[in-house]
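Novice: My questions all concern the structure below.
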Amino acid sequence: SASLAVSGSDDCTSRLWDTRVRGEVGCLEDAYQITAVAYANDGNAVYTGGIDNTITAWDVRTMRKSMGMKGHTDTITCLSLNPKGTHILSNSMDGTLRTWDIRPFVDDGSGGAGVKKRHDKTFAGGTHNSEKGLLNCAWSADGTMVTGGSADRVVHIWDEMSAQELYSLPGHNGCVNSVIFHPKENVVASASSDKSIFVGELSQS
């Protein structure tokens, strides 16, 4: 719902907010500082990431943890749901972006005998540095490309299906903190510590 928001804090909580009422409407208590949050598309789950390098799914109806996804080796700086709501993208200070399958039931092809690991793909090429900024990550509107902030002053864009880097766009003179895709056009915008925002059109592949 457009009226709902979620926040994460160094006080080891993630809090739910409803713009229709004053104050919080729920509190999720974790053991570690939370540095990234995302709401599920259906509003029934919240995803948090923090300094424990783990993505945690919370059931909003029970306010309890429903699953944890491990694989990153450093603090998670951003979480982003894909347009279909089936996968979540994470950026981490370990220098990778990763996608995770968050569908309730995942068939691993073994007839139910095994459990598929939630980790789906890893996107390498971006970097973090000693500034330890909370660099973002984002999906294209059609879910075919992913991007994220990077300390190497370059805008990196990957193909989601193959995990291959499609674009490496220089130009910034400082850490790229945030990159987003235009909702309809083949355009990206990037914001940097060099105090500039670049808007560029991607070549048609």
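Chains: A, B, ... in order of the structure tokens. Residues: from 1 per chain. Ligands: from 1, in order shown.
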With a distance cut-off of 12 Å and only C-alpha atoms, select the neighbouring residues of Asp152 (chain A), excluding the residue or stretch itself and same-chain residues fewer than 5 positions from it, and output the selection as JSON, numbers by chain.

Specialist: {"A": [95, 125, 126, 127, 128, 129, 130, 131, 135, 168, 169, 170, 171, 172, 173, 174, 175, 176, 177, 192, 193]}

Novice: How close does region 155-190 of chain A get to region 140-147 of chain A? List, as a tab-separated table, each residue of region 155-190 of chain A within 8 Å, its nearest atom pair and the distance in Å to one decimal, counting only C-alpha atoms.

Specialist:
residue	atom	partner	partner_atom	distance
A:Val155	CA	A:Thr147	CA	7.7
A:His156	CA	A:Thr147	CA	5.9
A:Ile157	CA	A:Thr147	CA	4.7
A:Trp158	CA	A:Val146	CA	5.4
A:Asp159	CA	A:Met145	CA	4.7
A:Glu160	CA	A:Met145	CA	4.9
A:Met161	CA	A:Thr144	CA	6.8
A:Val179	CA	A:Thr147	CA	6.6
A:Ile180	CA	A:Thr147	CA	7.5
A:Phe181	CA	A:Ser140	CA	5.4
A:His182	CA	A:Ala141	CA	7.5
A:Pro183	CA	A:Ala141	CA	5.4
A:Lys184	CA	A:Ala141	CA	6.9

Novice: Take the residues from that selection and write them out as a PDB file, in the first residue's frame, keeping N, CA, C and O atoms.

Specialist:
ATOM      1  N   VAL A 155      29.338   3.622 -13.127  1.00  0.00           N
ATOM      2  CA  VAL A 155      27.986   3.068 -13.086  1.00  0.00           C
ATOM      3  C   VAL A 155      28.023   1.694 -13.758  1.00  0.00           C
ATOM      4  O   VAL A 155      28.332   1.586 -14.941  1.00  0.00           O
ATOM      5  N   HIS A 156      27.739   0.647 -12.981  1.00  0.00           N
ATOM      6  CA  HIS A 156      27.741  -0.717 -13.489  1.00  0.00           C
ATOM      7  C   HIS A 156      26.302  -1.181 -13.692  1.00  0.00           C
ATOM      8  O   HIS A 156      25.458  -1.005 -12.802  1.00  0.00           O
ATOM      9  N   ILE A 157      26.036  -1.791 -14.852  1.00  0.00           N
ATOM     10  CA  ILE A 157      24.717  -2.339 -15.141  1.00  0.00           C
ATOM     11  C   ILE A 157      24.907  -3.753 -15.674  1.00  0.00           C
ATOM     12  O   ILE A 157      25.712  -3.994 -16.580  1.00  0.00           O
ATOM     13  N   TRP A 158      24.171  -4.684 -15.068  1.00  0.00           N
ATOM     14  CA  TRP A 158      24.300  -6.092 -15.427  1.00  0.00           C
ATOM     15  C   TRP A 158      23.017  -6.626 -16.059  1.00  0.00           C
ATOM     16  O   TRP A 158      21.917  -6.157 -15.748  1.00  0.00           O
ATOM     17  N   ASP A 159      23.176  -7.644 -16.893  1.00  0.00           N
ATOM     18  CA  ASP A 159      22.046  -8.414 -17.394  1.00  0.00           C
ATOM     19  C   ASP A 159      21.609  -9.373 -16.299  1.00  0.00           C
ATOM     20  O   ASP A 159      22.425 -10.160 -15.801  1.00  0.00           O
ATOM     21  N   GLU A 160      20.345  -9.324 -15.921  1.00  0.00           N
ATOM     22  CA  GLU A 160      19.892 -10.146 -14.796  1.00  0.00           C
ATOM     23  C   GLU A 160      19.951 -11.629 -15.122  1.00  0.00           C
ATOM     24  O   GLU A 160      20.298 -12.442 -14.262  1.00  0.00           O
ATOM     25  N   MET A 161      19.626 -12.001 -16.340  1.00  0.00           N
ATOM     26  CA  MET A 161      19.552 -13.421 -16.697  1.00  0.00           C
ATOM     27  C   MET A 161      20.935 -14.073 -16.680  1.00  0.00           C
ATOM     28  O   MET A 161      21.123 -15.141 -16.101  1.00  0.00           O
ATOM     29  N   VAL A 179      22.009   4.584  -8.136  1.00  0.00           N
ATOM     30  CA  VAL A 179      21.677   4.508  -9.558  1.00  0.00           C
ATOM     31  C   VAL A 179      20.250   3.999  -9.671  1.00  0.00           C
ATOM     32  O   VAL A 179      19.871   3.041  -8.981  1.00  0.00           O
ATOM     33  N   ILE A 180      19.450   4.625 -10.535  1.00  0.00           N
ATOM     34  CA  ILE A 180      18.089   4.162 -10.759  1.00  0.00           C
ATOM     35  C   ILE A 180      17.791   4.142 -12.250  1.00  0.00           C
ATOM     36  O   ILE A 180      18.386   4.891 -13.028  1.00  0.00           O
ATOM     37  N   PHE A 181      16.856   3.271 -12.625  1.00  0.00           N
ATOM     38  CA  PHE A 181      16.380   3.195 -14.002  1.00  0.00           C
ATOM     39  C   PHE A 181      15.125   4.045 -14.156  1.00  0.00           C
ATOM     40  O   PHE A 181      14.295   4.121 -13.244  1.00  0.00           O
ATOM     41  N   HIS A 182      14.969   4.647 -15.334  1.00  0.00           N
ATOM     42  CA  HIS A 182      13.724   5.341 -15.667  1.00  0.00           C
ATOM     43  C   HIS A 182      12.607   4.296 -15.737  1.00  0.00           C
ATOM     44  O   HIS A 182      12.815   3.183 -16.216  1.00  0.00           O
ATOM     45  N   PRO A 183      11.400   4.630 -15.250  1.00  0.00           N
ATOM     46  CA  PRO A 183      10.322   3.635 -15.241  1.00  0.00           C
ATOM     47  C   PRO A 183       9.833   3.213 -16.622  1.00  0.00           C
ATOM     48  O   PRO A 183       9.224   2.147 -16.759  1.00  0.00           O
ATOM     49  N   LYS A 184      10.098   4.013 -17.657  1.00  0.00           N
ATOM     50  CA  LYS A 184       9.590   3.676 -18.991  1.00  0.00           C
ATOM     51  C   LYS A 184      10.654   3.750 -20.084  1.00  0.00           C
ATOM     52  O   LYS A 184      10.618   2.976 -21.035  1.00  0.00           O
TER      53      LYS A 184
END

Novice: Mind listing the strand (DSSP E) residues of region 92-176 of chain A, per DSSP on the backbone, as a count of residues only?

Specialist: 31

Novice: Name the residues in contact with Ser92 (chain A) at a cut-off of 7 Å, using only C-alpha atoms, excluding same-chain residues fewer than 3 positions from it; report them as a short mmCIF file (atom, residue, chain, number, x, y, z; two decimals) with N, CA and C atoms, in the first residue's frame.

Specialist:
data_model
loop_
_atom_site.label_atom_id
_atom_site.label_comp_id
_atom_site.auth_asym_id
_atom_site.auth_seq_id
_atom_site.Cartn_x
_atom_site.Cartn_y
_atom_site.Cartn_z
N HIS A 72 26.26 -13.25 1.76
CA HIS A 72 27.14 -12.09 1.79
C HIS A 72 28.16 -12.24 2.92
N ASP A 74 29.83 -9.36 4.13
CA ASP A 74 29.98 -8.06 4.78
C ASP A 74 28.61 -7.38 4.81
N THR A 75 28.55 -6.23 5.44
CA THR A 75 27.30 -5.50 5.68
C THR A 75 26.48 -5.31 4.41
N ILE A 76 25.18 -5.54 4.50
CA ILE A 76 24.26 -5.33 3.39
C ILE A 76 23.84 -3.86 3.39
N THR A 77 23.96 -3.21 2.24
CA THR A 77 23.74 -1.76 2.18
C THR A 77 22.42 -1.37 1.53
N GLY A 95 31.39 -6.25 -1.93
CA GLY A 95 31.69 -5.93 -3.32
C GLY A 95 30.84 -6.66 -4.34
N THR A 96 29.77 -7.31 -3.89
CA THR A 96 28.89 -8.01 -4.82
C THR A 96 27.44 -7.54 -4.67
N LEU A 97 26.69 -7.67 -5.76
CA LEU A 97 25.24 -7.63 -5.72
C LEU A 97 24.77 -9.07 -5.90
#

Novice: Near Lys65 (chain A), within 10 Å and counting only C-alpha atoms, which residues show up once chain neighbours fewer than 3 positions away are dropped, as a PDB file with C-alpha atoms, in the first residue's frame?

Specialist:
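Output file selection09.pdb follows:
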ATOM      1  CA  LEU A  28      10.574  -5.804  14.380  1.00  0.00           C
ATOM      2  CA  GLU A  29      13.419  -6.387  16.833  1.00  0.00           C
ATOM      3  CA  ASP A  30      16.685  -7.899  15.621  1.00  0.00           C
ATOM      4  CA  ALA A  45       6.477  -9.323   4.383  1.00  0.00           C
ATOM      5  CA  VAL A  46       9.370  -7.038   5.219  1.00  0.00           C
ATOM      6  CA  TYR A  47      12.993  -7.806   4.345  1.00  0.00           C
ATOM      7  CA  THR A  56      15.919 -11.630   7.069  1.00  0.00           C
ATOM      8  CA  ALA A  57      12.312 -12.023   5.980  1.00  0.00           C
ATOM      9  CA  TRP A  58       9.630 -11.010   8.478  1.00  0.00           C
ATOM     10  CA  ASP A  59       5.939 -11.921   8.391  1.00  0.00           C
ATOM     11  CA  VAL A  60       4.117  -8.643   9.004  1.00  0.00           C
ATOM     12  CA  THR A  62       2.827 -12.273  13.058  1.00  0.00           C
ATOM     13  CA  GLY A  68      17.039 -15.901   6.680  1.00  0.00           C
TER      14      GLY A  68
END

Novice: As an exercise, work out the distance from CA of Asn91 (chain A) to CA of Cys137 (chain A) in Å and give it to one decimal place.

Specialist: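 Value for the CA of Asn91 (chain A)-CA of Cys137 (chain A) distance: 5.9 Å.
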
Novice: Using only C-alpha atoms, find the one residue out of A:Ala138, A:Leu202, A:Leu81, A:Ala31 that sits nearest to Cys12 (chain A).

Specialist: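 Among the listed residues, A:Ala31 lies closest to Cys12 (chain A).
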
Novice: Report, in Å with one decimal, the straight-line distance from CA of Ile88 (chain A) to CA of Arg64 (chain A).

Specialist: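 These atoms are spaced 19.1 Å apart.
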
Novice: For a test of reading the model, state the distance in Å between CA of Lys70 (chain A) and CA of Asp52 (chain A), rounded to one decimal.

Specialist: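 That distance, rounded to one decimal, is 9.3 Å.
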
Novice: Leaving out Asn136 (chain A) and any residue of its chain fewer than 5 positions from it, which residues lie within 6 Å of it when counting only C-alpha atoms, given as an MDAnalysis selection string?

Specialist: chainID A and resid 78 148:149 178

Novice: Could you write out that same residue set with C-alpha atoms as a PDB file, in the first residue's frame?

Specialist:
ATOM      1  CA  CYS A  78      20.509  -1.952   0.164  1.00  0.00           C
ATOM      2  CA  GLY A 148      23.898  -0.484  -7.876  1.00  0.00           C
ATOM      3  CA  GLY A 149      26.132   2.124  -6.347  1.00  0.00           C
ATOM      4  CA  SER A 178      22.806   5.604  -6.089  1.00  0.00           C
TER       5      SER A 178
END

Novice: Restricting the calculation to only C-alpha atoms: of A:Phe105, A:Ser162, A:Met63, A:Val6, which residue gets closest to Tyr39 (chain A)?

Specialist: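 Of the candidates, the smallest distance to Tyr39 (chain A) is held by A:Val6.
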
Novice: Determine the nearest neighbour of Arg153 (chain A) from the options A:Ser196, A:Lys121, A:Thr99, A:Glu185, counting only C-alpha atoms.

Specialist: A:Ser196
